[in-house]
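Peer 1: Next up, run.cif (mmCIF, C-alpha atoms).
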```
data_my_file
loop_
_atom_site.label_atom_id
_atom_site.label_comp_id
_atom_site.auth_asym_id
_atom_site.auth_seq_id
_atom_site.Cartn_x
_atom_site.Cartn_y
_atom_site.Cartn_z
CA MET H 1 -11.62 40.03 43.59
CA LYS H 2 -9.41 37.14 44.44
CA GLY H 3 -10.62 34.87 47.21
CA ALA H 4 -8.33 33.67 49.98
CA LEU H 5 -7.70 30.42 48.18
CA ASP H 6 -6.53 31.96 44.92
CA ARG H 7 -3.56 33.67 46.47
CA THR H 8 -0.26 31.87 46.63
CA LYS H 9 2.38 34.54 47.07
CA VAL H 10 3.35 35.44 50.62
CA VAL H 11 5.81 37.83 52.14
CA LEU H 12 7.84 37.25 55.29
CA ARG H 13 8.52 40.57 56.94
CA HIS H 14 10.56 41.70 59.92
CA LEU H 15 13.21 39.03 59.49
CA PRO H 16 16.53 39.78 61.20
CA PRO H 17 18.59 42.18 59.07
CA SER H 18 21.61 39.91 59.19
CA ILE H 19 19.93 36.58 58.41
CA SER H 20 21.42 34.89 55.38
CA GLU H 21 19.41 33.60 52.48
CA ALA H 22 20.85 30.12 53.00
CA ALA H 23 19.96 30.04 56.70
CA LEU H 24 16.39 31.14 56.00
CA LEU H 25 15.97 28.69 53.16
CA ALA H 26 17.22 25.86 55.33
CA GLN H 27 14.47 26.60 57.86
CA ILE H 28 11.80 26.87 55.19
CA ASP H 29 12.93 23.80 53.31
CA ALA H 30 12.85 21.72 56.47
CA SER H 31 9.08 21.61 56.01
CA PHE H 32 8.32 23.10 52.62
CA ALA H 33 10.97 21.88 50.20
CA GLY H 34 9.39 21.32 46.81
CA ARG H 35 6.13 22.99 47.78
CA TYR H 36 6.90 26.41 46.36
CA SER H 37 7.83 27.45 42.87
CA TRP H 38 9.52 30.78 43.46
CA PHE H 39 11.53 32.31 46.26
CA SER H 40 13.07 35.75 46.46
CA PHE H 41 15.16 37.09 49.30
CA ARG H 42 15.68 40.80 50.08
CA PRO H 43 18.45 41.30 52.60
CA GLY H 44 18.03 43.97 55.23
CA LYS H 45 20.58 46.45 56.35
CA ILE H 46 21.91 47.77 59.62
CA SER H 47 23.15 51.32 59.53
CA HIS H 48 23.62 53.63 62.46
CA LYS H 49 20.53 55.59 61.45
CA HIS H 50 18.04 52.81 61.34
CA ILE H 51 17.70 49.14 60.62
CA SER H 52 15.78 47.70 57.76
CA TYR H 53 14.55 44.16 58.16
CA SER H 54 15.18 41.35 55.75
CA ARG H 55 12.27 40.10 53.71
CA ALA H 56 11.43 37.10 51.60
CA TYR H 57 8.75 36.34 49.04
CA ILE H 58 7.52 32.83 48.40
CA ASP H 59 5.09 31.59 45.81
CA PHE H 60 3.49 28.34 46.87
CA LYS H 61 2.27 25.77 44.41
CA ASN H 62 -0.79 25.01 46.49
CA PRO H 63 -2.86 27.84 48.04
CA GLU H 64 -3.61 25.70 51.09
CA ASP H 65 0.08 25.48 51.91
CA VAL H 66 0.00 29.22 52.54
CA LEU H 67 -2.13 28.63 55.60
CA VAL H 68 0.08 25.81 56.85
CA PHE H 69 3.11 27.99 56.32
CA ALA H 70 1.58 30.99 58.09
CA ASP H 71 0.63 28.78 61.03
CA LEU H 72 4.23 27.72 61.38
CA PHE H 73 6.06 30.96 60.66
CA ASN H 74 3.78 33.86 61.53
CA GLY H 75 4.91 35.21 64.90
CA HIS H 76 7.93 32.91 64.87
CA VAL H 77 10.76 34.57 66.76
CA PHE H 78 14.18 34.58 65.16
CA VAL H 79 17.11 35.29 67.44
CA ASN H 80 20.26 36.72 65.91
CA GLU H 81 23.82 36.15 67.02
CA LYS H 82 23.62 39.05 69.48
CA GLY H 83 20.50 37.67 71.10
CA SER H 84 18.08 40.27 69.68
CA GLN H 85 14.68 38.90 68.86
CA PHE H 86 12.76 39.40 65.65
CA LYS H 87 9.13 38.46 65.40
CA VAL H 88 8.29 37.53 61.87
CA ILE H 89 5.10 38.59 60.10
CA VAL H 90 3.69 36.37 57.37
CA GLU H 91 1.15 37.93 55.04
CA TYR H 92 -0.23 37.60 51.57
CA ALA H 93 1.99 39.72 49.36
CA PRO H 94 0.02 42.82 48.35
CA SER H 95 1.04 42.24 44.75
CA GLN H 96 0.47 38.65 43.73
CA ARG H 97 2.58 38.91 40.60
CA VAL H 98 5.34 36.40 40.20
CA PRO H 99 7.97 36.49 37.45
CA ARG H 100 7.15 34.44 34.43
CA GLN H 101 9.19 31.25 34.50
CA TRP H 102 9.95 31.58 30.87
CA PHE H 103 10.68 34.77 29.10
CA LYS H 104 12.51 36.03 26.13
CA LYS H 105 16.20 36.28 26.49
CA ASP H 106 17.05 39.84 25.67
CA GLY H 107 18.69 39.91 22.26
CA ARG H 108 19.65 43.54 22.94
CA PRO D 1 38.68 71.86 64.64
CA GLU D 2 40.65 68.92 63.37
CA ARG D 3 38.55 66.98 61.00
CA SER D 4 39.45 64.83 58.08
CA ALA D 5 38.08 65.89 54.75
CA ARG D 6 34.93 64.15 53.70
CA VAL D 7 35.81 61.22 51.53
CA ALA D 8 33.73 61.10 48.40
CA LYS D 9 32.18 57.75 47.70
CA VAL D 10 34.03 55.94 44.97
CA ARG D 11 31.67 54.01 42.79
CA PRO D 12 32.60 51.40 40.22
CA PRO D 13 32.33 52.69 36.66
CA LEU D 14 29.32 50.54 35.91
CA HIS D 15 27.43 52.03 38.83
CA GLN D 16 28.47 55.50 37.76
CA TYR D 17 27.12 54.78 34.31
CA ILE D 18 23.79 53.51 35.66
CA ARG D 19 23.48 56.64 37.76
CA LYS D 20 24.28 58.86 34.81
CA LEU D 21 21.63 57.14 32.68
CA LEU D 22 18.91 57.30 35.31
CA PHE D 23 19.66 60.52 37.13
CA SER D 24 21.00 62.81 34.45
CA ASP D 25 20.34 61.48 30.95
CA LEU D 26 16.76 60.41 31.47
CA ASP D 27 14.08 62.66 30.10
CA LYS D 28 11.11 62.42 27.77
CA SER D 29 13.23 62.50 24.65
CA THR D 30 15.91 60.06 25.78
CA ILE D 31 13.81 57.41 27.43
CA GLU D 32 14.02 55.01 24.48
CA TYR D 33 17.77 55.37 24.46
CA VAL D 34 18.07 54.88 28.24
CA LEU D 35 15.92 51.76 28.07
CA ARG D 36 18.13 50.34 25.33
CA GLN D 37 21.28 51.11 27.29
CA LEU D 38 19.87 49.51 30.41
CA ARG D 39 19.05 46.39 28.45
CA LYS D 40 22.67 46.17 27.35
CA LEU D 41 24.01 46.03 30.88
CA PRO D 42 25.36 42.80 32.34
CA TRP D 43 22.21 42.07 34.29
CA ASN D 44 23.49 39.30 36.53
CA GLU D 45 25.96 41.73 37.97
CA CYS D 46 23.88 44.91 37.99
CA GLU D 47 20.40 43.88 39.00
CA PRO D 48 20.65 44.63 42.73
CA TYR D 49 22.17 48.03 42.04
CA LEU D 50 19.52 48.85 39.44
CA LEU D 51 16.81 47.97 41.91
CA LYS D 52 18.41 50.28 44.43
CA CYS D 53 18.58 53.14 41.93
CA PHE D 54 15.00 52.68 40.74
CA MET D 55 13.91 52.93 44.36
CA LYS D 56 15.59 56.33 44.61
CA VAL D 57 12.73 57.97 42.71
CA TYR D 58 12.21 60.36 45.59
CA LYS D 59 15.62 61.91 45.02
CA GLY D 60 14.89 62.97 41.48
CA LYS D 61 12.32 65.37 40.16
CA TYR D 62 8.72 64.65 41.01
CA GLY D 63 7.76 65.17 37.38
CA GLN D 64 10.23 62.48 36.30
CA ILE D 65 8.72 59.66 38.31
CA HIS D 66 6.56 58.52 35.43
CA LEU D 67 9.68 57.97 33.34
CA ILE D 68 11.10 55.57 35.92
CA ALA D 69 7.74 53.76 36.01
CA SER D 70 7.77 53.56 32.24
CA LEU D 71 11.28 52.06 32.29
CA ALA D 72 10.20 49.48 34.87
CA ALA D 73 7.27 48.48 32.68
CA GLY D 74 9.52 48.45 29.60
CA LEU D 75 12.03 46.15 31.26
CA SER D 76 9.40 43.65 32.40
CA ARG D 77 9.43 42.05 28.99
CA TYR D 78 13.04 40.98 29.38
CA HIS D 79 13.59 41.10 33.12
CA ASP D 80 10.33 40.16 34.69
CA GLU D 81 11.98 39.23 37.97
CA PHE D 82 13.25 42.81 38.24
CA ALA D 83 9.93 44.35 37.28
CA VAL D 84 8.10 42.25 39.87
CA ALA D 85 10.67 43.19 42.50
CA ILE D 86 10.10 46.90 41.85
CA VAL D 87 6.41 46.56 42.66
CA ASP D 88 7.11 44.51 45.78
CA GLU D 89 9.65 47.10 46.94
CA VAL D 90 7.33 50.06 46.43
CA LEU D 91 4.52 48.36 48.32
CA GLU D 92 6.92 47.46 51.10
CA GLU D 93 8.13 51.06 51.34
CA ILE D 94 4.56 52.28 51.60
CA ARG D 95 3.92 49.78 54.36
CA VAL D 96 7.10 50.67 56.25
CA GLY D 97 6.12 54.32 55.99
CA LEU D 98 2.86 53.54 57.76
CA GLU D 99 4.65 51.47 60.40
CA LEU D 100 7.15 54.18 61.27
CA ASN D 101 5.16 57.34 60.52
CA ASP D 102 8.44 59.23 60.56
CA TYR D 103 8.11 62.93 59.78
CA GLY D 104 11.44 62.95 57.95
CA MET D 105 10.20 60.36 55.48
CA GLN D 106 7.15 62.28 54.31
CA GLN D 107 8.56 63.53 51.05
CA ARG D 108 9.79 60.09 50.18
CA ARG D 109 6.43 58.54 51.02
CA ILE D 110 4.64 60.97 48.72
CA ALA D 111 7.04 60.06 45.93
CA TYR D 112 6.32 56.37 46.39
CA MET D 113 2.58 56.97 46.13
CA ARG D 114 3.17 58.79 42.89
CA PHE D 115 5.43 55.96 41.70
CA LEU D 116 2.79 53.34 42.48
CA GLY D 117 0.15 55.36 40.63
CA GLU D 118 2.41 55.68 37.61
CA LEU D 119 3.13 51.94 37.66
CA TYR D 120 -0.63 51.49 37.39
CA ASN D 121 -0.77 53.97 34.52
CA TYR D 122 1.86 51.95 32.67
CA GLU D 123 -0.26 48.84 33.31
CA HIS D 124 2.33 47.33 35.54
CA VAL D 125 0.09 46.81 38.58
CA ASP D 126 -3.60 45.91 38.78
CA SER D 127 -6.34 48.09 40.15
CA SER D 128 -6.77 45.60 42.99
CA VAL D 129 -3.30 46.51 44.24
CA ILE D 130 -4.20 50.20 44.15
CA PHE D 131 -7.42 49.68 46.09
CA GLU D 132 -5.78 47.43 48.64
CA THR D 133 -3.18 50.13 49.21
CA LEU D 134 -5.84 52.82 49.56
CA TYR D 135 -7.73 50.86 52.18
CA LEU D 136 -4.52 49.91 53.98
CA ILE D 137 -3.76 53.60 54.38
CA LEU D 138 -7.20 54.25 55.85
CA ILE D 139 -7.07 51.49 58.42
CA PHE D 140 -3.45 50.64 59.20
CA GLY D 141 -2.85 50.60 62.96
CA HIS D 142 -6.41 51.61 63.77
CA GLY D 143 -7.90 49.82 66.71
CA THR D 144 -4.45 49.01 68.10
CA SER D 145 -2.65 50.54 71.06
CA GLU D 146 -0.34 52.31 68.63
CA GLN D 147 -3.03 54.25 66.85
CA ASP D 148 -2.06 57.52 68.53
CA VAL D 149 1.50 57.19 67.29
CA LEU D 150 0.76 55.86 63.83
CA ASP D 151 -2.16 58.12 62.98
CA PRO D 152 -2.72 60.78 65.63
CA PRO D 153 -6.04 62.65 65.37
CA GLU D 154 -4.46 65.88 64.15
CA ASP D 155 -2.16 64.15 61.62
CA CYS D 156 -3.50 64.61 58.09
CA PHE D 157 -0.61 63.06 56.26
CA ARG D 158 -2.49 59.94 55.23
CA ILE D 159 -5.02 62.15 53.47
CA ARG D 160 -2.11 63.58 51.51
CA LEU D 161 -0.94 60.10 50.56
CA ILE D 162 -4.36 59.18 49.24
CA ILE D 163 -4.76 62.44 47.36
CA THR D 164 -1.40 61.83 45.70
CA LEU D 165 -2.25 58.32 44.57
CA LEU D 166 -5.70 59.25 43.27
CA GLU D 167 -4.39 62.38 41.56
CA THR D 168 -1.96 60.16 39.70
CA CYS D 169 -4.21 57.34 38.54
CA GLY D 170 -7.77 57.94 39.84
CA HIS D 171 -9.03 59.22 36.51
CA TYR D 172 -8.72 55.72 35.06
CA PHE D 173 -11.32 54.41 37.49
CA ASP D 174 -14.17 55.82 35.47
CA ARG D 175 -16.02 52.76 34.23
CA GLY D 176 -17.04 49.25 35.13
CA SER D 177 -16.03 47.60 38.35
CA SER D 178 -13.13 49.93 39.08
CA LYS D 179 -15.54 52.87 38.89
CA ARG D 180 -17.76 51.22 41.49
CA LYS D 181 -14.71 50.41 43.61
CA LEU D 182 -13.62 54.03 43.59
CA ASP D 183 -17.13 55.27 44.40
CA ARG D 184 -17.17 52.98 47.38
CA PHE D 185 -13.67 53.90 48.47
CA LEU D 186 -14.44 57.61 48.33
CA ILE D 187 -17.24 57.16 50.83
CA HIS D 188 -14.91 55.34 53.22
CA PHE D 189 -12.36 58.06 52.56
CA GLN D 190 -14.93 60.72 53.44
CA ARG D 191 -15.60 58.95 56.69
CA TYR D 192 -11.88 59.00 57.47
CA ILE D 193 -11.65 62.68 56.56
CA LEU D 194 -14.55 63.57 58.82
CA SER D 195 -12.93 61.67 61.69
CA LYS D 196 -10.07 64.17 61.51
CA GLY D 197 -12.25 67.17 62.31
CA ALA D 198 -11.24 70.54 60.89
CA LEU D 199 -8.64 70.19 58.14
CA PRO D 200 -5.80 72.54 57.29
CA LEU D 201 -6.86 74.70 54.37
CA ASP D 202 -4.25 73.41 51.94
CA ILE D 203 -5.51 69.86 52.39
CA GLU D 204 -9.13 70.92 52.15
CA PHE D 205 -8.45 72.70 48.85
CA ASP D 206 -6.60 69.71 47.44
CA LEU D 207 -9.52 67.51 48.43
CA GLN D 208 -11.96 69.84 46.73
CA ASP D 209 -9.85 69.67 43.57
CA LEU D 210 -9.65 65.90 43.78
CA PHE D 211 -13.39 65.43 44.13
CA ALA D 212 -14.10 68.00 41.42
CA ASP D 213 -11.75 66.09 39.18
CA LEU D 214 -12.84 62.53 39.83
CA ARG D 215 -16.46 62.73 40.98
CA PRO D 216 -17.84 66.24 40.47
CA ASN D 217 -21.37 65.13 41.37
CA MET D 218 -20.53 63.20 44.49
CA VAL D 219 -22.02 64.42 47.75
CA ARG D 220 -19.49 65.64 50.28
CA TYR D 221 -20.91 64.59 53.61
CA THR D 222 -20.71 67.05 56.46
CA SER D 223 -21.10 64.79 59.47
CA ILE D 224 -20.05 61.35 60.61
CA GLU D 225 -23.72 60.42 61.03
CA GLU D 226 -24.46 61.22 57.39
CA VAL D 227 -21.53 59.28 56.06
CA ASN D 228 -22.28 56.33 58.32
CA ALA D 229 -25.83 56.30 56.99
CA ALA D 230 -24.44 56.29 53.45
CA LEU D 231 -22.20 53.34 54.29
CA VAL D 232 -25.09 51.41 55.80
CA GLU D 233 -27.10 52.07 52.66
CA LEU D 234 -24.20 50.87 50.54
CA GLU D 235 -24.00 47.61 52.47
CA GLU D 236 -27.73 47.13 52.20
CA HIS D 237 -27.53 47.67 48.46
CA ASP D 238 -24.69 45.14 48.16
CA ARG D 239 -26.68 42.59 50.11
CA ILE D 240 -29.64 42.93 47.74
CA VAL D 241 -27.44 42.77 44.67
CA SER D 242 -25.66 39.64 45.81
CA ALA D 243 -28.96 38.04 46.85
CA ASP D 244 -30.40 38.86 43.41
CA LYS D 245 -27.37 37.42 41.76
CA ALA D 246 -27.60 34.24 43.79
CA SER D 247 -31.27 33.75 42.98
CA SER D 248 -30.82 34.46 39.27
CA GLU D 249 -27.96 31.97 39.19
CA LYS D 250 -30.22 29.42 40.80
CA HIS D 251 -32.80 30.19 38.15
CA SER D 252 -30.45 29.67 35.30
CA ASP D 253 -29.37 26.41 36.90
CA THR D 254 -32.90 25.03 36.85
CA GLU D 255 -33.63 26.16 33.34
#
```
Take the structure in this file and express it as C-alpha cells.

Peer 2:
Amino acid sequence: MKGALDRTKVVLRHLPPSISEAALLAQIDASFAGRYSWFSFRPGKISHKHISYSRAYIDFKNPEDVLVFADLFNGHVFVNEKGSQFKVIVEYAPSQRVPRQWFKKDGR
Amino acid sequence: PERSARVAKVRPPLHQYIRKLLFSDLDKSTIEYVLRQLRKLPWNECEPYLLKCFMKVYKGKYGQIHLIASLAAGLSRYHDEFAVAIVDEVLEEIRVGLELNDYGMQQRRIAYMRFLGELYNYEHVDSSVIFETLYLILIFGHGTSEQDVLDPPEDCFRIRLIITLLETCGHYFDRGSSKRKLDRFLIHFQRYILSKGALPLDIEFDLQDLFADLRPNMVRYTSIEEVNAALVELEEHDRIVSADKASSEKHSDTE
C-alpha cells in the first residue's frame, strides 16, 4: 500500500468545460513551473444534454508539492466568461501510473 | 410536418477506418491484425479520436470488452501516454457515474466496470486500483447531505457494479496479499449489502453465485450486528499483527 507521501500524480476535476489548456497552465505555472514532470489536459464539453467538466492530471516531482498544490487549488473557484462558477476538486489520481518518459518508437 | 431530413454525420476517412477496425473488424481472430493496423496510424493526428472510440466500449458487445482491454494493453508498449489515459478515463467515468447516479447511464456504468476488470486481467492496472474502486463504490457520498440522491436505501445498483467487477477479475485475488484484501473487502461489502435490507431476487442470486465462485466457504452474515462484530474482530486481529510485526522488527534491530 502506498503511503500518502509516495503519491505524486494528482487530478484536477470539475474545471470549467471551456477552459483552455494554456489558460490553466498559466495559472499552475505561476506557482509550480518546473515542479512537475508530466501534465495532461482533458478538455470538457458542453452539449445541450449535459456538460462534462475539463480535467487535468499532473505528476509532481516532489510528493510534498502535492499538498502545497492542493492547498492552493482545491476548492478554488474558476469563473468562466459567462460568470458561471466552477469549484475545482484536487485529489490523488486513482491510478498513479504516468507514461514512461522514454519508450520505443514504434517501428510498425 | 415539415422537417428536414436527418443529416448523417460525415466522418473523415481516417475516423471511418478506425471505427471499422474497432467496431466491425475486431474479434478474437483478428485482434493481432487490428493491433497492427492501429499501430500504423498517424498517431499524432489520431490519438484523441482513438481515445474517444476506446471509451465507447459500452456501445459494442459486452463479450467484446476484453478485446478492447487487450488492445489497450498491447498499445502501451508503443503509446504509453495513450494507455495511461485509457485507465484515467475509465476511472473518471466510474467516478462521474457515482456523482450523477443517472438511471440512463446504468448500462454504460456496468460496461466500464467490466472494462476496468479486463484491464486488470491484461495486467494494465494494479490490484490497488481495483480495491480503491471497490471501496469508493461502497462509500461514495455516504455521510453527506446527498446520500439519499446518490445511493438511496432501495437502490441496489452499486451492488451490481461490484458484482460486475468481481465477476470479471475477482478470481485472481486468490493468494497472498490480494487474497487477504478481497477477504476483507467482502466483509465490508456484506455490511453494505445488509444495510440495503431485502434485496431483489436477481441480485441475491447473482450474489450467491459470486460468493460461491470466489469464497465458497465464507460466512454470509445475516444481521448488521453479526457483520459489525466480524469487522471489529478483523480490526483487532490487524492491531495484533501490526504490533507483532513492530516488536519483531525491534528484535531484529537489536540482534

Peer 1: Compile the contact shell of Leu91 (chain D) as a PyMOL selection string: residues with an atom at most 8 Å away, counting only C-alpha atoms, same-chain residues fewer than 5 positions apart removed.

Peer 2: (chain H and resi 94-95) or (chain D and resi 116+133)

Peer 1: Given the file shown, determine the residues that the PyMOL selection byres ((chain H and resi 65) around 12) selects; report them as a ChimeraX atom specification.

Peer 2: /H:4-10,31-36,58-64,66-73

Peer 1: Taking (-4.6, 58.6, 42.6) as a centre in this file's frame and 12 Å as the limit, can you find every polymer residue with an atom that close, using only C-alpha atoms, and give them as an MDAnalysis selection string?

Peer 2: chainID D and resid 110 112:121 127 130:131 133:134 159:173 182 185:186 207 210:211 213:214

Peer 1: Contacts between chain H and chain D, please, where a residue of chain D counts if it comes within 6 Å (with all atoms listed in the file); show its shortest atom pair and distance in Å to one decimal, rows by chain and ascending number, as CSV.

Peer 2:
```
residue,atom,partner,partner_atom,distance
D:Lys40,CA,H:Arg108,CA,6.0
D:Tyr78,CA,H:Asp106,CA,5.6
D:Asp80,CA,H:Pro99,CA,5.2
D:Glu81,CA,H:Pro99,CA,4.9
```

Peer 1: Can those selected residues be exported to a file as a PDB file, keeping the file's coordinate frame so that it contains C-alpha atoms?

Peer 2:
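Result written to again-v2.pdb:
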```pdb
ATOM      1  CA  LYS D  40      22.670  46.170  27.350  1.00  0.00           C
ATOM      2  CA  TYR D  78      13.040  40.980  29.380  1.00  0.00           C
ATOM      3  CA  ASP D  80      10.330  40.160  34.690  1.00  0.00           C
ATOM      4  CA  GLU D  81      11.980  39.230  37.970  1.00  0.00           C
TER       5      GLU D  81
END
```

Peer 1: Report, in Å with one decimal, the straight-line distance from CA of Arg39 (chain D) to CA of Leu14 (chain D).

Peer 2: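 One can read the CA of Arg39 (chain D) to CA of Leu14 (chain D) distance as 13.4 Å.
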
Peer 1: Which residues come within 8 Å of region 193-199 of chain D, counting all atoms listed in the file, excluding same-chain residues fewer than 5 positions away, as a ChimeraX atom specification?

Peer 2: /D:153-156,159,204,222-224

Peer 1: Measure the distance from CA of Val241 (chain D) to CA of Gln190 (chain D) in Å and round it to one decimal.

Peer 2: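 Going from CA of Val241 (chain D) over to CA of Gln190 (chain D), I get 23.6 Å.
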
Peer 1: How would you write, as a list in words, the residues chosen by the PyMOL selection byres ((chain D and resi 150) around 8) on this structure?

Peer 2: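 Output of the PyMOL selection byres ((chain D and resi 150) around 8): Leu98, Glu99, Leu100, Asn101, Gly141, Glu146, Gln147, Asp148, Val149, Asp151 and Pro152 of chain D.
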
Peer 1: CA of Asp238 (chain D) to CA of Gly143 (chain D): how many Å, to one decimal?

Peer 2: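 Computing it gives 25.5 Å between the two atoms.
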
Peer 1: On this file, the PyMOL selection byres ((chain H and resi 77) around 6) gives some set of residues; write that set as a short mmCIF file (atom, residue, chain, number, x, y, z; two decimals) with C-alpha atoms, in the coordinates of the input.

Peer 2:
```cif
data_model
loop_
_atom_site.label_atom_id
_atom_site.label_comp_id
_atom_site.auth_asym_id
_atom_site.auth_seq_id
_atom_site.Cartn_x
_atom_site.Cartn_y
_atom_site.Cartn_z
CA HIS H 76 7.93 32.91 64.87
CA PHE H 78 14.18 34.58 65.16
CA PHE H 86 12.76 39.40 65.65
CA LYS H 87 9.13 38.46 65.40
#
```

Peer 1: Contacts of Ala230 (chain D) at 12 Å or less, counting all atoms listed in the file, minus same-chain residues fewer than 3 places along, as a ChimeraX atom specification?

Peer 2: /D:183-184,186-188,190-191,218-227,233-237

Peer 1: Pick the closest to Phe140 (chain D) from D:Arg175, D:Leu35, D:Asp126, D:Ile94: which is it, counting all atoms listed in the file?

Peer 2: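 Using all atoms listed in the file, the shortest distance to Phe140 (chain D) belongs to D:Ile94.
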